[in-house]
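Visitor: The file below is run_22.txt, compact mmCIF, C-alpha atoms and all ligand atoms:
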```txt
# COMPACT_ATOMS: atom_id res chain seq x y z
CA MET A 290 46.32 5.04 -17.39
CA SER A 291 44.39 5.56 -20.55
CA ARG A 292 41.19 4.62 -18.64
CA LEU A 293 41.99 7.15 -15.90
CA ARG A 294 42.31 9.82 -18.59
CA LYS A 295 38.75 9.13 -19.69
CA ILE A 296 37.08 9.79 -16.25
CA THR A 297 34.86 12.84 -15.87
CA ARG A 298 35.67 15.85 -13.72
CA ARG A 299 32.94 14.81 -11.25
CA GLN A 300 34.47 11.34 -10.94
CA ALA A 301 37.93 12.91 -10.47
CA VAL A 302 36.58 15.17 -7.67
CA LEU A 303 34.96 12.13 -5.94
CA LEU A 304 38.16 10.13 -6.35
CA ALA A 305 40.19 12.99 -4.84
CA ALA A 306 37.69 13.38 -1.94
CA ALA A 307 37.85 9.57 -1.29
CA ALA A 308 41.65 9.72 -1.31
CA LEU A 309 41.59 12.73 1.03
CA LEU A 310 39.15 11.04 3.41
CA GLY A 311 41.19 7.75 3.24
CA ALA A 312 44.34 9.72 4.02
CA ALA A 313 42.53 11.55 6.87
CA ILE A 314 41.30 8.29 8.41
CA GLY A 315 44.69 6.57 7.90
CA GLY A 316 46.59 9.60 9.26
CA SER A 317 44.27 10.01 12.30
CA ALA A 318 44.47 6.28 13.11
CA LEU A 319 48.28 6.19 12.78
CA THR A 320 48.72 9.28 14.93
CA GLY A 321 46.51 7.83 17.62
CA HIS A 322 43.49 10.06 16.98
CA ILE A 323 41.09 7.14 16.90
CA GLY A 324 38.04 9.33 17.63
CA VAL A 325 38.76 11.57 14.64
CA ALA A 326 39.41 8.51 12.46
CA LEU A 327 36.04 7.00 13.53
CA ALA A 328 34.22 10.27 12.96
CA VAL A 329 35.62 10.64 9.46
CA LEU A 330 34.79 6.95 8.84
CA ALA A 331 31.21 7.59 10.01
CA VAL A 332 30.94 10.54 7.58
CA VAL A 333 32.27 8.30 4.81
CA MET A 334 29.74 5.57 5.72
CA VAL A 335 26.83 8.07 5.67
CA ALA A 336 28.02 9.47 2.35
CA LEU A 337 28.36 5.95 0.90
CA THR A 338 24.84 4.97 2.13
CA ALA A 339 23.38 8.18 0.64
CA GLY A 340 25.22 7.49 -2.62
CA LEU A 341 23.94 3.91 -2.63
CA ILE A 342 20.37 5.07 -2.04
CA LEU A 343 20.78 7.61 -4.87
CA VAL A 344 22.13 4.92 -7.22
CA LEU A 345 19.32 2.51 -6.27
CA HIS A 346 16.74 5.23 -6.87
CA ARG A 347 18.32 6.03 -10.22
CA LEU A 348 18.34 2.34 -11.15
CA ALA A 349 14.66 1.97 -10.19
CA THR A 350 13.78 5.03 -12.34
CA LEU A 351 15.79 3.64 -15.24
CA GLY A 352 14.09 0.23 -14.82
CA ARG A 353 10.66 1.89 -14.87
CA GLU A 354 11.55 3.89 -17.97
CA ALA A 355 12.93 0.79 -19.66
CA ARG A 356 9.72 -1.14 -18.91
CA ARG A 357 7.54 1.73 -20.14
CA SER A 358 9.56 2.01 -23.35
CA GLN A 359 9.33 -1.77 -23.73
CA ARG A 360 5.54 -1.60 -23.33
CA GLU A 361 5.33 1.20 -25.90
CA GLN A 362 7.55 -0.70 -28.33
CA ARG A 363 5.40 -3.80 -27.91
CA ALA A 364 2.25 -1.75 -28.55
CA VAL A 365 3.76 -0.26 -31.71
CA LEU A 366 4.92 -3.72 -32.77
CA ASP A 367 1.43 -5.20 -32.11
CA GLN A 368 -0.19 -2.38 -34.07
CA THR A 369 2.25 -2.77 -36.97
CA GLN A 370 1.71 -6.54 -36.93
CA ARG A 371 -2.08 -6.09 -36.94
CA ARG A 372 -1.87 -3.59 -39.81
CA LEU A 373 0.43 -5.85 -41.75
CA LEU A 374 -1.84 -8.85 -41.22
CA GLY A 375 -4.86 -6.75 -42.24
CA ALA A 376 -3.10 -5.60 -45.41
CA VAL A 377 -1.99 -9.14 -46.27
CA GLU A 378 -5.53 -10.42 -45.64
CA GLN A 379 -7.00 -7.71 -47.88
CA MET A 380 -4.44 -8.43 -50.57
CA LEU A 381 -5.30 -12.12 -50.39
CA LEU A 382 -9.02 -11.34 -50.67
CA LEU A 383 -8.40 -9.01 -53.63
CA ALA A 384 -6.10 -11.54 -55.25
CA GLY A 385 -8.80 -14.18 -54.74
CA ASP A 386 -11.47 -11.95 -56.33
CA ARG A 387 -9.15 -11.05 -59.23
CA HIS A 388 -8.30 -14.70 -59.70
CA ARG A 389 -11.99 -15.61 -59.79
CA GLU A 390 -12.70 -12.76 -62.27
CA LEU A 391 -9.81 -13.80 -64.50
CA THR A 392 -10.86 -17.44 -64.41
CA GLU A 393 -14.42 -16.45 -65.43
CA LEU A 394 -13.07 -14.14 -68.14
CA LEU A 395 -10.81 -16.85 -69.45
CA ALA A 396 -13.64 -19.39 -69.47
CA ASN A 397 -15.91 -16.89 -71.30
CA SER A 398 -13.28 -15.97 -73.87
CA GLN A 399 -12.53 -19.67 -74.40
CA LYS A 400 -16.26 -20.22 -74.98
CA LEU A 401 -16.43 -17.21 -77.34
CA THR A 402 -13.34 -18.33 -79.25
CA ALA A 403 -14.82 -21.81 -79.58
CA ASN A 404 -18.15 -20.30 -80.76
CA GLY A 405 -16.30 -17.91 -83.11
CA THR A 406 -14.21 -20.71 -84.56
CA ASP A 407 -17.32 -22.84 -84.91
CA ARG A 408 -19.21 -20.03 -86.67
CA LEU A 409 -16.20 -19.26 -88.89
CA LEU A 410 -15.93 -22.91 -89.86
CA ARG A 411 -19.64 -23.07 -90.68
CA ALA A 412 -19.37 -19.80 -92.67
CA GLN A 413 -16.33 -21.16 -94.52
CA THR A 414 -18.25 -24.31 -95.38
CA GLY A 415 -21.08 -22.14 -96.75
CA GLU A 416 -18.65 -20.09 -98.84
CA VAL A 417 -16.96 -23.23 -100.21
CA GLU A 418 -20.35 -24.72 -101.09
CA ALA A 419 -21.32 -21.48 -102.87
CA LEU A 420 -18.05 -21.46 -104.83
CA ILE A 421 -18.57 -25.06 -105.95
CA GLN A 422 -22.06 -24.19 -107.21
CA MET A 423 -20.77 -21.08 -109.01
CA PHE A 424 -18.03 -22.98 -110.82
CA GLN A 425 -20.51 -25.72 -111.72
CA GLY A 426 -22.69 -23.11 -113.42
CA PHE A 427 -19.88 -21.52 -115.46
CA SER A 428 -16.62 -22.55 -117.06
CA PRO A 429 -14.39 -19.45 -116.87
CA ARG A 430 -12.06 -18.92 -119.82
CA ALA A 431 -9.28 -17.50 -117.59
CA PRO A 432 -8.43 -17.62 -113.87
CA MET A 433 -11.21 -15.90 -111.91
CA PRO A 434 -10.28 -12.97 -109.65
CA THR A 435 -10.74 -13.72 -105.94
CA SER A 436 -13.98 -13.18 -104.07
CA GLY A 437 -14.51 -11.98 -100.48
CA GLY A 438 -12.92 -9.01 -98.73
CA PHE A 439 -13.58 -5.93 -100.86
CA ALA A 440 -15.28 -8.16 -103.42
CA LEU A 441 -18.63 -9.86 -102.85
CA ASN A 442 -18.54 -13.11 -100.85
CA PRO A 443 -19.27 -16.31 -102.81
CA THR A 444 -22.62 -16.74 -100.98
CA ASP A 445 -23.70 -13.21 -101.98
CA LEU A 446 -22.38 -13.71 -105.52
CA LEU A 447 -24.28 -17.00 -105.85
CA ALA A 448 -27.52 -15.29 -104.81
CA LEU A 449 -26.85 -12.47 -107.32
CA LEU A 450 -26.17 -14.96 -110.14
CA HIS A 451 -29.41 -16.76 -109.25
CA ILE A 452 -31.33 -13.46 -109.52
CA ILE A 453 -29.83 -12.90 -112.99
CA HIS A 454 -30.65 -16.49 -113.97
CA THR A 455 -34.28 -16.27 -112.82
CA ARG A 456 -35.19 -12.61 -113.52
CA ARG A 457 -33.20 -12.17 -116.77
CA PRO A 458 -32.38 -8.43 -116.51
CA LYS A 459 -31.63 -6.71 -119.79
CA LEU A 460 -29.54 -3.89 -118.32
CA VAL A 461 -27.50 -4.27 -115.14
CA LEU A 462 -25.86 -1.27 -113.50
CA GLU A 463 -23.14 -2.00 -110.97
CA LEU A 464 -21.70 0.59 -108.58
CA GLY A 465 -18.16 -0.56 -107.70
CA SER A 466 -16.35 -2.87 -110.11
CA GLY A 467 -14.21 -5.93 -109.40
CA THR A 468 -14.65 -9.70 -109.19
CA SER A 469 -18.43 -9.38 -109.28
CA THR A 470 -18.21 -7.61 -112.66
CA VAL A 471 -16.63 -10.74 -114.24
CA TRP A 472 -19.17 -13.13 -112.67
CA ILE A 473 -22.14 -10.92 -113.64
CA ALA A 474 -20.76 -10.67 -117.20
CA TYR A 475 -20.58 -14.50 -117.45
CA ALA A 476 -24.16 -14.75 -116.16
CA LEU A 477 -25.40 -12.11 -118.64
CA GLU A 478 -23.53 -13.79 -121.48
CA LYS A 479 -25.68 -16.83 -120.76
CA ALA A 480 -28.96 -15.11 -119.91
CA GLY A 481 -28.66 -12.26 -122.46
CA GLY A 482 -28.17 -8.73 -121.17
CA LYS A 483 -25.63 -5.96 -120.72
CA LEU A 484 -23.63 -4.72 -117.75
CA ILE A 485 -22.37 -1.22 -117.07
CA SER A 486 -20.07 -0.98 -114.07
CA LEU A 487 -18.93 2.30 -112.49
CA ASP A 488 -15.70 2.74 -110.62
CA HIS A 489 -14.58 5.92 -108.87
CA ASP A 490 -10.97 4.70 -108.92
CA ALA A 491 -9.37 4.72 -112.37
CA ALA A 492 -6.79 2.07 -111.37
CA TYR A 493 -9.45 -0.40 -110.19
CA ALA A 494 -11.58 0.36 -113.25
CA GLU A 495 -8.62 -0.50 -115.48
CA LYS A 496 -7.91 -3.68 -113.50
CA THR A 497 -11.50 -4.82 -114.02
CA ARG A 498 -11.34 -3.94 -117.76
CA ILE A 499 -8.20 -6.11 -118.06
CA ALA A 500 -9.99 -8.99 -116.29
CA LEU A 501 -13.02 -8.66 -118.61
CA ALA A 502 -10.72 -8.72 -121.63
CA ALA A 503 -8.89 -11.81 -120.33
CA HIS A 504 -12.25 -13.60 -120.03
CA GLY A 505 -13.50 -12.38 -123.44
CA LEU A 506 -16.40 -10.50 -121.87
CA THR A 507 -15.91 -6.97 -123.22
CA ALA A 508 -18.94 -7.28 -125.49
CA VAL A 509 -21.16 -7.97 -122.47
CA ALA A 510 -19.69 -5.64 -119.86
CA GLU A 511 -18.27 -2.13 -119.85
CA VAL A 512 -16.45 -0.44 -116.98
CA ARG A 513 -16.85 3.33 -116.81
CA ASP A 514 -14.70 5.78 -114.91
CA ALA A 515 -16.91 7.80 -112.59
CA PRO A 516 -14.85 9.94 -110.22
CA LEU A 517 -16.57 11.06 -107.02
CA CYS A 518 -18.28 14.46 -107.37
CA PRO A 519 -20.36 16.45 -104.85
CA VAL A 520 -24.04 15.48 -104.87
CA VAL A 521 -26.47 17.55 -102.77
CA LEU A 522 -29.42 15.74 -101.18
CA ASP A 523 -31.65 16.87 -98.30
CA GLY A 524 -29.29 19.82 -97.75
CA ARG A 525 -26.25 17.53 -97.37
CA THR A 526 -23.34 17.12 -99.76
CA PHE A 527 -22.12 13.59 -100.53
CA PRO A 528 -19.10 12.56 -102.64
CA TRP A 529 -20.72 10.24 -105.17
CA TYR A 530 -20.17 8.92 -108.70
CA ASP A 531 -20.17 11.52 -111.48
CA THR A 532 -23.74 11.30 -112.81
CA GLU A 533 -22.47 12.00 -116.35
CA ALA A 534 -21.42 8.33 -116.37
CA VAL A 535 -25.07 7.22 -116.26
CA ALA A 536 -26.59 10.05 -118.31
CA ASP A 537 -27.37 7.69 -121.24
CA LEU A 538 -28.81 4.86 -119.10
CA ASN A 539 -32.51 4.11 -118.85
CA GLU A 540 -34.49 1.00 -118.02
CA VAL A 541 -31.93 -0.42 -115.59
CA ASP A 542 -33.67 -3.57 -114.35
CA LEU A 543 -30.97 -4.79 -111.98
CA LEU A 544 -28.95 -2.39 -109.85
CA LEU A 545 -26.07 -3.68 -107.72
CA ILE A 546 -24.96 -1.15 -105.11
CA ASP A 547 -21.47 -2.11 -103.88
CA GLY A 548 -19.72 1.26 -103.87
CA PRO A 549 -18.40 3.79 -103.18
CA PRO A 550 -16.35 2.22 -100.35
CA GLU A 551 -17.28 3.33 -96.83
CA LYS A 552 -13.95 5.13 -96.36
CA THR A 553 -15.00 7.75 -98.94
CA GLY A 554 -17.42 9.34 -96.45
CA LYS A 555 -20.35 9.00 -94.07
CA ASP A 556 -23.43 7.42 -95.69
CA ALA A 557 -21.30 6.89 -98.82
CA ARG A 558 -23.97 4.81 -100.61
CA TYR A 559 -27.08 6.75 -99.55
CA PRO A 560 -27.28 8.82 -102.79
CA ALA A 561 -27.58 5.68 -104.97
CA MET A 562 -31.35 5.16 -104.91
CA ARG A 563 -32.13 8.87 -104.67
CA VAL A 564 -30.06 9.65 -107.80
CA LEU A 565 -30.80 6.52 -109.80
CA GLU A 566 -34.53 6.00 -109.23
CA ASP A 567 -35.34 7.75 -112.52
CA ARG A 568 -32.89 5.48 -114.38
CA LEU A 569 -34.64 2.29 -113.24
CA ALA A 570 -37.10 0.32 -115.35
CA ASP A 571 -40.73 0.31 -114.17
CA THR A 572 -39.96 -2.98 -112.46
CA ALA A 573 -36.46 -3.49 -111.18
CA THR A 574 -34.42 -5.37 -108.62
CA VAL A 575 -31.87 -3.71 -106.37
CA VAL A 576 -29.11 -5.73 -104.68
CA PHE A 577 -27.50 -3.79 -101.85
CA ASP A 578 -24.24 -5.22 -100.50
CA ASP A 579 -22.97 -4.66 -96.96
CA ALA A 580 -26.54 -3.95 -95.86
CA HIS A 581 -25.67 -5.09 -92.32
CA ARG A 582 -23.35 -2.09 -91.79
CA GLN A 583 -24.79 0.81 -89.78
CA ASP A 584 -24.66 3.45 -92.56
CA GLU A 585 -26.06 1.06 -95.15
CA ALA A 586 -28.84 -0.23 -92.84
CA GLU A 587 -29.85 3.39 -92.22
CA ALA A 588 -29.75 4.20 -95.98
CA LEU A 589 -31.94 1.16 -96.68
CA ARG A 590 -34.46 2.22 -94.00
CA ARG A 591 -34.65 5.77 -95.41
CA TRP A 592 -35.01 4.61 -99.04
CA VAL A 593 -37.90 2.31 -98.22
CA GLU A 594 -39.52 5.11 -96.22
CA MET A 595 -39.03 7.80 -98.92
CA ILE A 596 -39.27 5.97 -102.26
CA GLU A 597 -42.72 4.80 -103.24
CA GLY A 598 -42.77 1.32 -104.73
CA LEU A 599 -39.51 0.25 -103.09
CA THR A 600 -39.76 -2.70 -100.71
CA GLN A 601 -37.26 -5.10 -99.16
CA GLU A 602 -37.62 -8.74 -100.21
CA GLY A 603 -37.43 -10.77 -97.00
CA GLU A 604 -34.53 -10.57 -94.63
CA ALA A 605 -30.95 -9.70 -95.68
CA LEU A 606 -29.04 -12.84 -96.71
CA GLY A 607 -25.32 -13.01 -96.09
CA ARG A 608 -24.09 -9.44 -96.44
CA HIS A 609 -26.61 -8.26 -99.02
CA ALA A 610 -30.26 -7.18 -99.08
CA VAL A 611 -32.59 -7.52 -102.07
CA LEU A 612 -35.15 -4.82 -102.85
CA SER A 613 -37.97 -4.73 -105.38
CA TYR A 614 -38.85 -1.57 -107.22
CA ARG A 615 -42.16 -1.04 -108.94
CA ARG A 616 -42.72 2.48 -110.29
CA VAL A 617 -45.86 4.10 -108.97
CA VAL A 618 -47.46 6.23 -111.69
CA ARG A 619 -49.78 8.88 -110.36
CA GLN A 620 -52.89 9.60 -112.47
CA PHE A 621 -53.06 13.26 -113.49
CA THR A 622 -56.44 14.68 -112.55
CA PRO A 623 -56.91 18.23 -113.85
CA SER A 624 -58.42 20.49 -111.23
CA ASN A 625 -61.61 22.33 -112.12
C1 LIG A 701 -16.71 -2.89 -102.51
S1 LIG A 701 -15.63 -2.55 -103.81
C2 LIG A 701 -16.46 -3.24 -105.18
C3 LIG A 701 -16.24 -4.68 -105.26
C4 LIG A 701 -16.90 -5.37 -106.41
N1 LIG A 701 -18.29 -5.11 -106.52
C5 LIG A 701 -16.66 -6.86 -106.24
O1 LIG A 701 -17.53 -7.54 -105.70
O2 LIG A 701 -15.60 -7.30 -106.62
C6 LIG A 701 -15.88 -0.86 -104.07
C7 LIG A 701 -14.69 -0.14 -104.65
O3 LIG A 701 -13.58 -0.32 -103.83
C8 LIG A 701 -12.39 -0.25 -104.59
N2 LIG A 701 -11.62 -1.45 -104.26
C9 LIG A 701 -11.75 -2.68 -104.75
N3 LIG A 701 -10.87 -3.52 -104.17
C10 LIG A 701 -10.16 -2.78 -103.28
C11 LIG A 701 -9.11 -3.04 -102.38
N4 LIG A 701 -8.60 -4.25 -102.28
N5 LIG A 701 -8.65 -2.02 -101.63
C12 LIG A 701 -9.16 -0.77 -101.71
N6 LIG A 701 -10.16 -0.46 -102.57
C13 LIG A 701 -10.66 -1.44 -103.33
C14 LIG A 701 -12.78 -0.17 -106.03
O4 LIG A 701 -12.64 1.15 -106.50
C15 LIG A 701 -14.23 -0.60 -106.00
O5 LIG A 701 -14.97 0.04 -106.99
```
Produce structure tokens that represent the structure in this file.
Guide:
Amino acid sequence: MSRLRKITRRQAVLLAAAALLGAAIGGSALTGHIGVALAVLAVVMVALTAGLILVLHRLATLGREARRSQREQRAVLDQTQRRLLGAVEQMLLLAGDRHRELTELLANSQKLTANGTDRLLRAQTGEVEALIQMFQGFSPRAPMPTSGGFALNPTDLLALLHIIHTRRPKLVLELGSGTSTVWIAYALEKAGGKLISLDHDAAYAEKTRIALAAHGLTAVAEVRDAPLCPVVLDGRTFPWYDTEAVADLNEVDLLLIDGPPEKTGKDARYPAMRVLEDRLADTATVVFDDAHRQDEAEALRRWVEMIEGLTQEGEALGRHAVLSYRRVVRQFTPSN
């Protein structure tokens, strides 16, 4: 019954017509009207055949539509599959390239690390050898402050001590105090000579004074406070040591330029030779630390270009460069 309730109106009409026709045929046959019964039966047969043809036609149309939709779905599926395969292939190619690049990068960085470690080890050996030679030359009376980092490296210090040993400067001026001040003071104690060291930072100056006192070197070396003041050169202003701190100095025959630190400004050490040339002896040596750095290399190039009698001695060794200064005295020729 519940199924019957679900039939459409059209189906109900057909069902009613079939029942009516069935009743008409049955009634005609039972009442002896065979001809009428046959005629109604013929109409029913024609209607059934027409209905069958209609259903078959509908089924054929549906079959065609189903096949067409199947073909379309297959085409879409093929296209999607091809796209997917293309994307996977491209991803694999890219992954392959990336893998190759990374492998090369890794191999290169491994080579660089190995080279870097090798170079570091060789540099360390050099620094240790320099330290051994330094301590063989002197017997410090107190623990020595550490070298390297902000302070000169042992290899640079050793070269500096050798210059003092061989050239015997009478007055050394150092820009930037620290560990080097103590080593220079020991060397001058032996060779005979005095050291004046400038520091822009009062705390570091005091630290170096304490170290000099601990080593009993205050008679040889003096640390002076020289805060940074504006110095004008070639139309530019540089923060540089207060020149009052060197006002009494003449005949400096060894100048060590190791300050101010680079963080105090661009071309921080450029003023040194321009300001101090007049304070140098007629023949002097200049040791310039960190000469490999861009600002310092440029300062060195400009000094040699601008200052007559200033020449670089060979190539820079370690981090420092050595320069010779010989004052050029111009003969005064009165004009007629
Ligand atoms: C290159 S350092 C001078 C080092 C010194 N000539 C030596 O070899 O020991 C220049 C200036 O940097 C400052 N300085 C020293 N050690 C420092 C540190 N560890 N950190 C920051 N500034 C430092 C001091 O004022 C010093 O005068």
Visitor: Using atom CA of Gly481 of chain A and atom CA of Phe424 of chain A as the two end points, give the distance in Å to one decimal.
Guide: 19.1 Å
Visitor: List as a short mmCIF file (atom, residue, chain, number, x, y, z; two decimals) with C-alpha atoms, in the frame of the given file the protein and nucleic acid residues near Gly598 of chain A, meaning an atom at most 6 Å away when all atoms listed in the file are counted, but skip any in the same chain fewer than 5 places from it.
Guide:
```cif
data_model
loop_
_atom_site.label_atom_id
_atom_site.label_comp_id
_atom_site.auth_asym_id
_atom_site.auth_seq_id
_atom_site.Cartn_x
_atom_site.Cartn_y
_atom_site.Cartn_z
CA TYR A 614 -38.85 -1.57 -107.22
CA ARG A 615 -42.16 -1.04 -108.94
CA ARG A 616 -42.72 2.48 -110.29
CA VAL A 617 -45.86 4.10 -108.97
#
```
Visitor: Please extract the residues at most 6 Å from ligand LIG 701 (chain A), counting only C-alpha atoms and all ligand atoms, and provide them as a PyMOL selection string, using the chain letters and residue numbers of this document.
Guide: chain A and resi 439-441+465-469+488-490+493+547-550
Visitor: For segment 533-539 of chain A, please output as JSON, numbers by chain all residues within 9 Å (counting all atoms listed in the file; exclusion window: fewer than 4 positions along the same chain).
Guide: {"A": [460, 462, 485, 487, 513, 514, 515, 565, 567, 568, 569, 570]}
Visitor: Which one is closest to Arg563 of chain A: A:Met380, A:Ala492, A:Leu543, A:Met595? Count only C-alpha atoms.
Guide: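 The answer is A:Met595, which sits nearest to Arg563 of chain A.
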Visitor: Taking (-17.6, -13.3, -100.0) in the file's coordinates as the center, which residues reach within 10 Å of it, counting only C-alpha atoms, put as a list in words?
Guide: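 All residues meeting the 10 Å criterion around (-17.6, -13.3, -100.0) are Ala412, Gln413, Glu416, Val417, Ala419, Leu420, Thr435, Ser436, Gly437, Gly438, Phe439, Ala440, Leu441, Asn442, Pro443, Thr444, Asp445, Leu446, Leu447, Gly607 and Arg608 of chain A.
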Visitor: Pick out the closest residue to Glu604 of chain A from this set: A:Ala586, A:Leu381, A:Val618, A:Ala510. Count only C-alpha atoms.
Guide: A:Ala586
Visitor: Hey, which of A:Glu551, A:Asp531, A:Glu585, A:Asp578 ends up closest to His609 of chain A? Count only C-alpha atoms.
Guide: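 Between A:Glu551, A:Asp531, A:Glu585, A:Asp578, the residue approaching His609 of chain A most closely is A:Asp578.
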Visitor: Could you tell me how far atom CA of Trp472 of chain A lies from atom CA of Thr572 of chain A, in Å and to one decimal?
Guide: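 One can read the atom CA of Trp472 of chain A to atom CA of Thr572 of chain A distance as 23.1 Å.
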Visitor: Nearest to Lys479 of chain A among A:Ala431, A:Ala610, A:Val512, A:Leu506, with distances taken over all atoms listed in the file: which residue is it?
Guide: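 Of all the options, A:Leu506 lies closest to Lys479 of chain A.
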Visitor: Closest to Leu450 of chain A among A:Leu351, A:Val576, A:Val520, A:Leu304, using all atoms listed in the file?
Guide: A:Val576
